[in-house]
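Inspection log for the structure reproduced underneath, given as structure tokens.
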Protein chains: 2
Amino acid sequence: MDSPIQTYLQALHDEIAGIRDGTPDSSIPGIAGVDPDRFGICLATADGYVYEVGDTREDFTIQSISKPLTYGLALADLGAEAVDGKIDVEPSGDAFNELSLAEGTGRPANAMINAGAIAAASLVKGRGGSSRFERILKTYSDFAGRELDYSARVYESERRSGFRNYAMGYLLRQFNILEQDPVPVLEDYFRQCSVLVTCRDLAMVAATLANAGANPVSGKQVLELDVVERVLSVMATCGMYDDAGSWLSSVGMPAKSGVGGGIIAVLPGQVGVGIYAPPLDGHGTSVRGAAACRRLSRDLGLHFVHAARTGRSAIHASYDITAAPSGIRRNDEGAEVLRSHGHRARIIELNGDLLFAGTESVIREVSAQSPDVELVILDLRRVDETGRVAAKLLPRLRDALADAGCGLLLIDPGGVLAGALGSSEDGGDGCAPAFGTRRAAVEDAENQLIARYGSELCLPETVAVPDSPALGSLDPAVAKALAERMEPREYDDGDVIRRAGQRFGGIYFISSGKVASSLPAPGGGRIRISTLSAGMTFGELALASDDRQETTVKAVGPVQVSVLTAEAMAEIEAGDPRLAVELWKTLTRDAYVRVDQYLRETAIRDDGR
Amino acid sequence: MDSPIQTYLQALHDEIAGIRDGTPDSSIPGIAGVDPDRFGICLATADGYVYEVGDTREDFTIQSISKPLTYGLALADLGAEAVDGKIDVEPSGDAFNELSLAEGTGRPANAMINAGAIAAASLVKGRGGSSRFERILKTYSDFAGRELDYSARVYESERRSGFRNYAMGYLLRQFNILEQDPVPVLEDYFRQCSVLVTCRDLAMVAATLANAGANPVSGKQVLELDVVERVLSVMATCGMYDDAGSWLSSVGMPAKSGVGGGIIAVLPGQVGVGIYAPPLDGHGTSVRGAAACRRLSRDLGLHFVHAARTGRSAIHASYDITAAPSGIRRNDEGAEVLRSHGHRARIIELNGDLLFAGTESVIREVSAQSPDVELVILDLRRVDETGRVAAKLLPRLRDALADAGCGLLLIDPGGVLAGALGSSEDGGDGCAPAFGTRRAAVEDAENQLIARYGSELCLPETVAVPDSPALGSLDPAVAKALAERMEPREYDDGDVIRRAGQRFGGIYFISSGKVASSLPAPGGGRIRISTLSAGMTFGELALASDDRQETTVKAVGPVQVSVLTAEAMAEIEAGDPRLAVELWKTLTRDAYVRVDQYLRETAIRDDGR
């Protein structure tokens with residue numbers, strides 16, 4: 001099916017193509033004579049998906065849209081302080097070709113007007129065998145994600161007719177803002193303005209800025225986030241020259257236009273817009289481009305205020321571990337400890353982004369826990385982005401929890417906070433263990449509670465078959481009679497005890513040691529289903545699936561089991577049906593205990609929020 | 001435990017309190033002589049939680065922080081076009097007290113400089129028995145969430161000494177920007193500047209702007225979102241006068257300062273900042289206030305570019321319904337249809353915000369579904385915010401799906417998209433049904449697939465006991481023998497068949513009709529556990545819990561059941577142990593089928609992403 005976004009863009013393009021106002025630039029002889037009907041709209045998302053309509057693959061010159069890119073390169077080379085010494089970051093309220101040099105110092109008001117852009121170009125130096133312009137062109141190419149070149153014809157034309165820019169260059173030299181011969185700087189500036197791009201390239205440039213400076217297709221980090229912050233800030237206040245305030249009010253995206261007919265607009269974190277339509281208004285901005293930006297912003301909610309209504313809370317759910325136990329089978333003593341003390345371990349599921357609002361809500365939730373809570377499990381599996389506030393404050397949260405006698409566990413298979421929380425910010429050794437699954441984290445928390453509040457009976461090393469919970473509802477004599485029909489077996493670490501596909505082979509009672517059962521994962525690899533220890537049983541699930549074993553069960557360390565084989569069960573049924581009734585009845589009860597647990601957990605997950 | 005955010009703010013306050021630069025305003029006699037050591041920092045989140053440190057409850061005059069609020073009121077009264085006719089939205093690059101009137105028209109550059117603010121005050125008219133100033137004061141009070149008043153002393157002082165403002169008022173009158181006697185307008189302007197606020201009030205004002213115009217504590221919508229967009233845009237480009245560009249680069253939040261020593265800064269969607277510290281710099285901005293804003297922005301990632309790195313995808317998980325079936329028991333025919341055709345119905349779980357990026361990723365995912373897919377279930381339970389792009393494009397997505405022969409179902413207990421998707425945008429009758437739980441939506445999708453691909457055998461009205469899936473593994477003669485021991489019963493709609501707390505009463509086989517089982521919800525109300533229909537069983541789960549019924553089971557419409565009572569089961573065990581073995585064995589298998597389903601579903605949820 002057609003994407004409704006594509007359909008929407010097509011309709012928008014058709015509608016705005018009807019706007020006939022404005023005329024293409026005639027000030028630069030090399031670009032005069034372009035077809036005024038050319039019109040392309042391209043959206044590139046911050047993860048690199050592209051929507052395009054119209055003339056999106058046709059070359060034109062980048063012109064002033066080069067300014068923020070070269071400014072970014074200068075900032076990356078020299079740092080903000082050195083660049084600020086040469087170029088201010090204040091809106092001038094003037095048109096693009098005004099001088100707007102500060103009295104006394106001659107410092108250009110900002111890098112989006114020509115004077116500031118020429119100064120920015122002068123700050124970029126040749127490096128590593130590459131000339132200044134080669135470095136500039138390489139940066140633009142990294143932004144666009146393909147190798148760009150410049151138009152020698154347009155360059156020659158600008159070089160021969162850009163008298164006002166020559167005047168600016170010499171004025172900047174006079175004030176020592178340019179510390180070198182202005183002519184080579186101006187030549188590189190004319191070259192950068194003559195770089196050929198397509199509408200699609202512009203969208204990728206904008207998407208790279210939206211994506212915190214990394215080209216979302218190539219993955220290359222073209223500029224660091226702090227440089228992008230400054231570039232987009234200056235675009236917001238100065239990018240549209242004397243129309244900047246009106247632009248930010250109505251479009252709400254940092255933007256830059258060029259007299260070649262291009263516009264970029266950036267919604268940080270979400271999308272980059274590139275538009276191409278040569279006829280310009282009195283500000284030197286593409287008429288259809290500006291109209292399209294206004295409509296896109298309104299229709300798609302791209303204004304930075306509208307788009308920033310991020311979810312206020314990162315708390316998806318919060319509950320104690322009795323509501324979602326590990327599923328590990330416990331003996332009666334262990335189960336009783338968890339019933340009485342399970343409320344001391346709480347799981348907090350996080351969601352979305354850990355930027356300020358999300359991190360604050362996590363801290364608020366954790367800080368408000370009852371003093372009874374001794375273990376907090378943060379489930380980070382649904383966290384998308386983490387900002388510097390999370391890295392700064394969550395280690396303090398962990399330390400404050402530790403001071404309050406409370407442990408912190410993470411469910412963090414993606415390692416999103418392992419760096420921040422794995423070791424103490426202040427060099428201490430407090431460290432939050434991270435688990436790959438909820439089950440594993442909860443099992444650990446349960447074991448901690450059992451160790452803290454239970455006797456040594458709770459986590460026994462060895463369980464005799466008649467004491468197994470699965471036989472718990474049986475008369476002891478009956479349990480003993482069944483135990484006598486079983487066959488003892490031993491396995492070493494890593495041995496496969498049951499393999500998926502085998503026929504039902506009986507019921508395995510673990511006397512000592514641990515086993516792990518797993519299934520193939522849909523995307524490759526294996527999913528661990530459960531870890532079972534002394535007193536627990538396995539093998540019985542094959543009864544559910546036409547007597548075929550579906551999981552693979554492996555020994556974890558040395559294991560001793562007693563097996564009530566399928567043959568022994570058949571013999572009991574034939575020879576001692578009353579014992580068989582007791583056996584099946586206790587297995588039924590045991591199975592329903594697990595069904596019951598499933599239903600409760602599902603009900604909480606589906607509705608308990 | 002102490003919140004690490006509170007601890008952080010305390011440390012920041014201690015550190016910045018050491019900055020001794022600047023001097024309190026001396027231009028307004030009524031506010032001279034304030035204690036320069038006063039210093040408060042307050043953060044109010046967009047959901048109304050307040051952190052405060054230092055002198056946050058002390059009154060001072062709001063001064064220029066009143067400007068965006070009165071401008072917002074004027075926009076709300078007259079609309080943007082009328083206000084723009086009197087006041088432009090462009091940065092002037094000048095200080096707060098510059099005239100900055102446009103040549104010819106006399107239009108002030110923006111509403112953040114005094115000239116524009118006086119013009120904005122003049123646009124607010126008395127209404128509904130309230131004077132202009134009463135309306136202004138009421139608006140400020142709604143922003144702060146408490147009743148504010150003004151300082152008569154400071155007002156008198158400004159009224160007697162504000163000569164430059166009088167001059168501006170008369171100049172504005174000369175250009176007909178003010179269309180009335182300037183003196184009453186100026187008096188109201190002096191009154192608005194003299195409104196007494198605390199640092200905490202300022203944070204609430206900022207939080208109201210951050211929260212799309214609604215006071216997060218009172219819930220009152222003080223300004224509409226489109227007005228807030230414009231107010232924050234003008235604050236971003238003009239709020240800090242001739243320091244606006246540098247402020248946006250380094251702090252990255254729309255802000256406004258006042259010579260009373262206050263500052264507000266707004267991170268849309270997340271947080272409002274209020275600061276109070278009287279000593280001012282050369283721009284008329286609080287020195288410690290500006291320093292605190294820079295540090296807060298850097299430490300907590302509050303720059304709008306940093307803070308906008310929202311999650312790129314709203315897709316939390318996507319899988320077909322066979323991976324998470326409804327749990328409704330099906331007969332063999334129905335189960336076979338779902339095995340063969342279940343891939344035709346897909347669940348897409350959404351997450352976070354449906355602003356541009358989130359909505360786009362949903363559309364992309366849905367548009368990329370295989371042509372086999374006939375039903376798409378959007379799970380909206382984790383969606384936080386929806387923007388206008390969702391309301392605009394999702395109905396088109398639904399229509400495009402319908403054109404491609406694909407149905408759309410919603411899991412939307414909160415009704416977040418019911419308005420947008422419940423009825424067709426274009427007046428058509430295509431309508432996406434919304435369900436309260438995943439289980440209910442999946443059951444509906446399963447029923448649609450069974451109706452489409454199964455025979456009439458799949459969803460039978462009536463099932464004889466021997467044909468029940470629970471007895472499916474038994475020899476027909478054995479099943480018939482068991483059926484003969486059962487007791488037929490009938491119930492009417494709403495009858496309670498089993499009540500929580502009753503002893504195990506046997507196993508109920510549904511011959512026709514439906515029953516619903518439920519548990520009390522932790523937060524009150526009831527959670528529906530399952531709906532069961534002809535061929536299914538209930539009552540057996542009591543065996544899991546010391547023979548006590550835990551759920552309540554009610555008839556949904558007229559129901560016929562056959563009950564194998566507890567007494568009948570005991571009789572079979574005593575008199576016909578071989579039949580009892582068969583009975584318990586089949587119940588065990590049936591229970592393990594359900595355990596198996598549970599383990600698979602849990603494994604997908606825990607790891608399959």
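Residue numbers start at 1 in each chain; chains themselves are named A, B, ... in the order of the structure tokens; ligands are numbered from 1 in the order shown.
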Expected answer as a ChimeraX atom specification: chain B residues within 6 Å of chain A, only C-alpha atoms
/B:1,3-4,89-90,92-93,229-230,233,237,245-246,248-249,268-270,300-301,305,308-311,352,357,367,384-385,388-389,396-397,541,543-544,577-578,581,584-585,588-589,591-593,595
Export of the given selection (N, CA and C atoms) as a CSV table (one decimal), in the first residue's frame:
```
chain,number,residue,atom,x,y,z
B,1,MET,N,14.4,8.7,51.5
B,1,MET,CA,15.7,9.2,51.0
B,1,MET,C,15.6,10.5,50.3
B,3,SER,N,15.9,13.1,47.4
B,3,SER,CA,16.0,13.0,45.9
B,3,SER,C,17.3,13.6,45.4
B,4,PRO,N,18.0,12.8,44.6
B,4,PRO,CA,19.2,13.4,44.0
B,4,PRO,C,19.1,14.7,43.3
B,89,VAL,N,7.5,40.4,15.2
B,89,VAL,CA,8.1,39.3,16.0
B,89,VAL,C,9.5,39.1,15.7
B,90,GLU,N,10.2,40.2,15.3
B,90,GLU,CA,11.6,40.1,14.9
B,90,GLU,C,12.6,40.6,16.0
B,92,SER,N,15.4,42.6,17.7
B,92,SER,CA,15.8,44.0,17.3
B,92,SER,C,17.3,44.1,17.4
B,93,GLY,N,17.9,43.2,18.1
B,93,GLY,CA,19.4,43.3,18.4
B,93,GLY,C,19.7,44.5,19.3
B,229,GLU,N,3.0,28.4,21.3
B,229,GLU,CA,4.0,28.2,20.3
B,229,GLU,C,4.6,29.6,19.9
B,230,ARG,N,3.7,30.6,19.7
B,230,ARG,CA,4.2,31.9,19.3
B,230,ARG,C,4.9,32.6,20.5
B,233,SER,N,8.2,31.1,20.9
B,233,SER,CA,9.1,31.4,19.7
B,233,SER,C,9.7,32.8,19.9
B,237,THR,N,13.7,34.1,20.3
B,237,THR,CA,14.4,35.0,19.5
B,237,THR,C,14.6,36.4,20.1
B,245,GLY,N,20.7,35.6,21.1
B,245,GLY,CA,21.4,34.6,20.4
B,245,GLY,C,22.4,33.8,21.3
B,246,SER,N,23.1,34.5,22.1
B,246,SER,CA,24.1,33.8,23.0
B,246,SER,C,23.3,33.0,24.0
B,248,LEU,N,20.3,31.6,23.6
B,248,LEU,CA,19.8,30.3,23.0
B,248,LEU,C,20.9,29.3,22.7
B,249,SER,N,22.1,29.8,22.3
B,249,SER,CA,23.2,28.9,22.0
B,249,SER,C,23.6,28.2,23.3
B,268,PRO,N,10.1,23.1,26.6
B,268,PRO,CA,8.7,22.7,26.3
B,268,PRO,C,8.6,21.2,26.5
B,269,GLY,N,7.4,20.8,27.1
B,269,GLY,CA,7.2,19.4,27.3
B,269,GLY,C,7.8,18.8,28.6
B,270,GLN,N,8.8,19.5,29.1
B,270,GLN,CA,9.5,18.9,30.2
B,270,GLN,C,9.5,19.7,31.5
B,300,LEU,N,21.8,19.2,33.2
B,300,LEU,CA,20.6,18.4,33.1
B,300,LEU,C,20.1,18.2,31.6
B,301,GLY,N,20.9,18.6,30.7
B,301,GLY,CA,20.6,18.4,29.3
B,301,GLY,C,19.3,19.1,28.9
B,305,VAL,N,17.9,21.4,21.7
B,305,VAL,CA,18.4,20.4,20.8
B,305,VAL,C,18.8,19.1,21.5
B,308,ALA,N,15.6,17.3,22.7
B,308,ALA,CA,14.7,16.8,21.7
B,308,ALA,C,15.1,15.5,21.1
B,309,ARG,N,16.1,14.8,21.6
B,309,ARG,CA,16.5,13.6,21.1
B,309,ARG,C,15.5,12.5,21.5
B,310,THR,N,14.3,12.7,21.0
B,310,THR,CA,13.2,11.8,21.4
B,310,THR,C,13.4,10.4,20.7
B,311,GLY,N,12.9,9.4,21.3
B,311,GLY,CA,12.9,8.1,20.7
B,311,GLY,C,12.5,8.2,19.3
B,352,GLY,N,5.5,5.4,23.7
B,352,GLY,CA,5.9,6.8,23.7
B,352,GLY,C,5.0,7.7,23.0
B,357,ALA,N,7.8,11.9,14.6
B,357,ALA,CA,8.7,10.8,14.4
B,357,ALA,C,7.9,9.5,14.8
B,367,SER,N,2.8,0.2,6.7
B,367,SER,CA,2.8,0.1,5.2
B,367,SER,C,3.7,-1.0,4.7
B,384,ASP,N,1.9,7.8,25.0
B,384,ASP,CA,1.8,8.9,26.0
B,384,ASP,C,1.1,10.1,25.4
B,385,GLU,N,1.6,10.7,24.3
B,385,GLU,CA,1.1,11.9,23.8
B,385,GLU,C,0.8,11.7,22.3
B,388,ARG,N,-0.9,16.5,16.4
B,388,ARG,CA,-1.9,16.7,15.3
B,388,ARG,C,-1.5,15.8,14.1
B,389,VAL,N,-0.2,15.5,14.0
B,389,VAL,CA,0.1,14.6,12.9
B,389,VAL,C,-0.6,13.2,13.0
B,396,ARG,N,-6.0,8.4,7.5
B,396,ARG,CA,-5.6,8.1,6.1
B,396,ARG,C,-5.0,6.7,6.1
B,397,LEU,N,-4.2,6.4,7.1
B,397,LEU,CA,-3.6,5.0,7.2
B,397,LEU,C,-4.7,4.0,7.2
B,541,LEU,N,-9.3,-24.9,38.1
B,541,LEU,CA,-8.2,-24.2,38.6
B,541,LEU,C,-8.2,-24.1,40.2
B,543,LEU,N,-8.2,-26.5,41.9
B,543,LEU,CA,-7.3,-27.6,42.4
B,543,LEU,C,-5.9,-27.0,42.7
B,544,ALA,N,-5.6,-25.8,42.1
B,544,ALA,CA,-4.3,-25.2,42.3
B,544,ALA,C,-4.2,-24.5,43.6
B,577,PRO,N,-10.9,-47.0,39.5
B,577,PRO,CA,-9.6,-46.3,39.4
B,577,PRO,C,-9.0,-46.2,38.0
B,578,ARG,N,-9.3,-47.2,37.1
B,578,ARG,CA,-8.8,-47.0,35.7
B,578,ARG,C,-9.4,-45.9,35.0
B,581,VAL,N,-7.7,-42.8,36.4
B,581,VAL,CA,-6.4,-42.5,35.8
B,581,VAL,C,-6.6,-41.8,34.5
B,584,TRP,N,-7.7,-38.1,35.2
B,584,TRP,CA,-6.6,-37.2,35.7
B,584,TRP,C,-5.5,-37.0,34.7
B,585,LYS,N,-5.2,-38.0,33.9
B,585,LYS,CA,-4.2,-37.9,32.9
B,585,LYS,C,-4.6,-36.9,31.8
B,588,THR,N,-4.3,-33.5,33.2
B,588,THR,CA,-2.9,-33.1,33.3
B,588,THR,C,-2.4,-32.6,32.0
B,589,ARG,N,-2.6,-33.3,30.9
B,589,ARG,CA,-2.2,-32.9,29.6
B,589,ARG,C,-2.8,-31.6,29.2
B,591,ALA,N,-3.8,-29.2,31.2
B,591,ALA,CA,-3.2,-28.2,32.0
B,591,ALA,C,-1.8,-27.8,31.4
B,592,TYR,N,-1.1,-28.8,31.0
B,592,TYR,CA,0.3,-28.5,30.5
B,592,TYR,C,0.2,-27.8,29.1
B,593,VAL,N,-0.8,-28.1,28.4
B,593,VAL,CA,-1.0,-27.3,27.1
B,593,VAL,C,-1.0,-25.8,27.5
B,595,VAL,N,0.2,-24.4,30.3
B,595,VAL,CA,1.5,-24.0,30.8
B,595,VAL,C,2.5,-23.7,29.7
```
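From atom CA of A:Met486 back to atom CA of A:Glu333, the distance works out to 25.3 Å.
Of the residues in stretch 466-546 of chain A, those that DSSP places in alpha helix (DSSP H) on the basis of the backbone are Pro476, Ala477, Val478, Ala479, Lys480, Ala481, Leu482, Ala483 and Glu484 of chain A.
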What is the distance between atom CA of B:Thr198 and atom CA of B:Ser131, in Å to one decimal?
24.5 Å
Select from stretch 376-512 of chain A everything DSSP, run on the backbone, classes as strand (DSSP E or B), then give the selection as a PyMOL selection string.
chain A and resi 376-386+407-411+434-435+462+487-491+496-498+503+507-512
Pick out the residues sitting within 10 Å of B:Ala441, and hand them over as an MDAnalysis selection string; count only C-alpha atoms, and ignore anything fewer than 5 positions along from it in its own chain.
chainID B and resid 326 347 377:379 409:412 433:436 446:447
Generate a file of the selected residues that holds N, CA and C atoms, formatted as a PDB file, in the first residue's frame.
```pdb
ATOM      1  N   SER B 326      -5.067 -15.247  22.142  1.00  0.00           N
ATOM      2  CA  SER B 326      -6.003 -14.714  23.131  1.00  0.00           C
ATOM      3  C   SER B 326      -6.080 -15.594  24.362  1.00  0.00           C
ATOM      4  N   ILE B 347      -0.029  -7.893  15.520  1.00  0.00           N
ATOM      5  CA  ILE B 347      -0.120  -6.913  16.599  1.00  0.00           C
ATOM      6  C   ILE B 347       1.097  -6.009  16.512  1.00  0.00           C
ATOM      7  N   ILE B 377      -3.529  -4.991  14.373  1.00  0.00           N
ATOM      8  CA  ILE B 377      -3.981  -4.581  15.703  1.00  0.00           C
ATOM      9  C   ILE B 377      -2.953  -3.608  16.257  1.00  0.00           C
ATOM     10  N   LEU B 378      -3.329  -2.344  16.433  1.00  0.00           N
ATOM     11  CA  LEU B 378      -2.418  -1.371  17.037  1.00  0.00           C
ATOM     12  C   LEU B 378      -2.669  -1.354  18.541  1.00  0.00           C
ATOM     13  N   ASP B 379      -1.622  -1.689  19.296  1.00  0.00           N
ATOM     14  CA  ASP B 379      -1.718  -1.678  20.756  1.00  0.00           C
ATOM     15  C   ASP B 379      -1.248  -0.308  21.250  1.00  0.00           C
ATOM     16  N   LEU B 409      -7.678  -2.837  14.006  1.00  0.00           N
ATOM     17  CA  LEU B 409      -8.266  -2.914  15.340  1.00  0.00           C
ATOM     18  C   LEU B 409      -7.364  -2.143  16.296  1.00  0.00           C
ATOM     19  N   LEU B 410      -7.946  -1.570  17.325  1.00  0.00           N
ATOM     20  CA  LEU B 410      -7.158  -0.817  18.299  1.00  0.00           C
ATOM     21  C   LEU B 410      -7.277  -1.451  19.679  1.00  0.00           C
ATOM     22  N   ILE B 411      -6.156  -1.478  20.402  1.00  0.00           N
ATOM     23  CA  ILE B 411      -6.211  -1.760  21.841  1.00  0.00           C
ATOM     24  C   ILE B 411      -5.996  -0.405  22.488  1.00  0.00           C
ATOM     25  N   ASP B 412      -7.050   0.169  22.983  1.00  0.00           N
ATOM     26  CA  ASP B 412      -7.014   1.594  23.328  1.00  0.00           C
ATOM     27  C   ASP B 412      -7.928   1.874  24.516  1.00  0.00           C
ATOM     28  N   PRO B 433     -12.577  -0.593  15.356  1.00  0.00           N
ATOM     29  CA  PRO B 433     -13.092  -0.932  16.681  1.00  0.00           C
ATOM     30  C   PRO B 433     -11.979  -0.895  17.719  1.00  0.00           C
ATOM     31  N   ALA B 434     -12.294  -0.392  18.885  1.00  0.00           N
ATOM     32  CA  ALA B 434     -11.307  -0.266  19.966  1.00  0.00           C
ATOM     33  C   ALA B 434     -11.658  -1.230  21.102  1.00  0.00           C
ATOM     34  N   PHE B 435     -10.628  -1.909  21.614  1.00  0.00           N
ATOM     35  CA  PHE B 435     -10.822  -2.874  22.697  1.00  0.00           C
ATOM     36  C   PHE B 435     -10.068  -2.417  23.934  1.00  0.00           C
ATOM     37  N   GLY B 436     -10.529  -2.874  25.078  1.00  0.00           N
ATOM     38  CA  GLY B 436      -9.898  -2.475  26.331  1.00  0.00           C
ATOM     39  C   GLY B 436      -8.675  -3.301  26.693  1.00  0.00           C
ATOM     40  N   GLU B 446      -8.980 -13.343  16.005  1.00  0.00           N
ATOM     41  CA  GLU B 446      -9.031 -14.800  15.810  1.00  0.00           C
ATOM     42  C   GLU B 446     -10.396 -15.213  15.263  1.00  0.00           C
ATOM     43  N   ASN B 447     -11.440 -14.643  15.856  1.00  0.00           N
ATOM     44  CA  ASN B 447     -12.780 -14.995  15.382  1.00  0.00           C
ATOM     45  C   ASN B 447     -12.980 -14.588  13.925  1.00  0.00           C
TER      46      ASN B 447
END
```
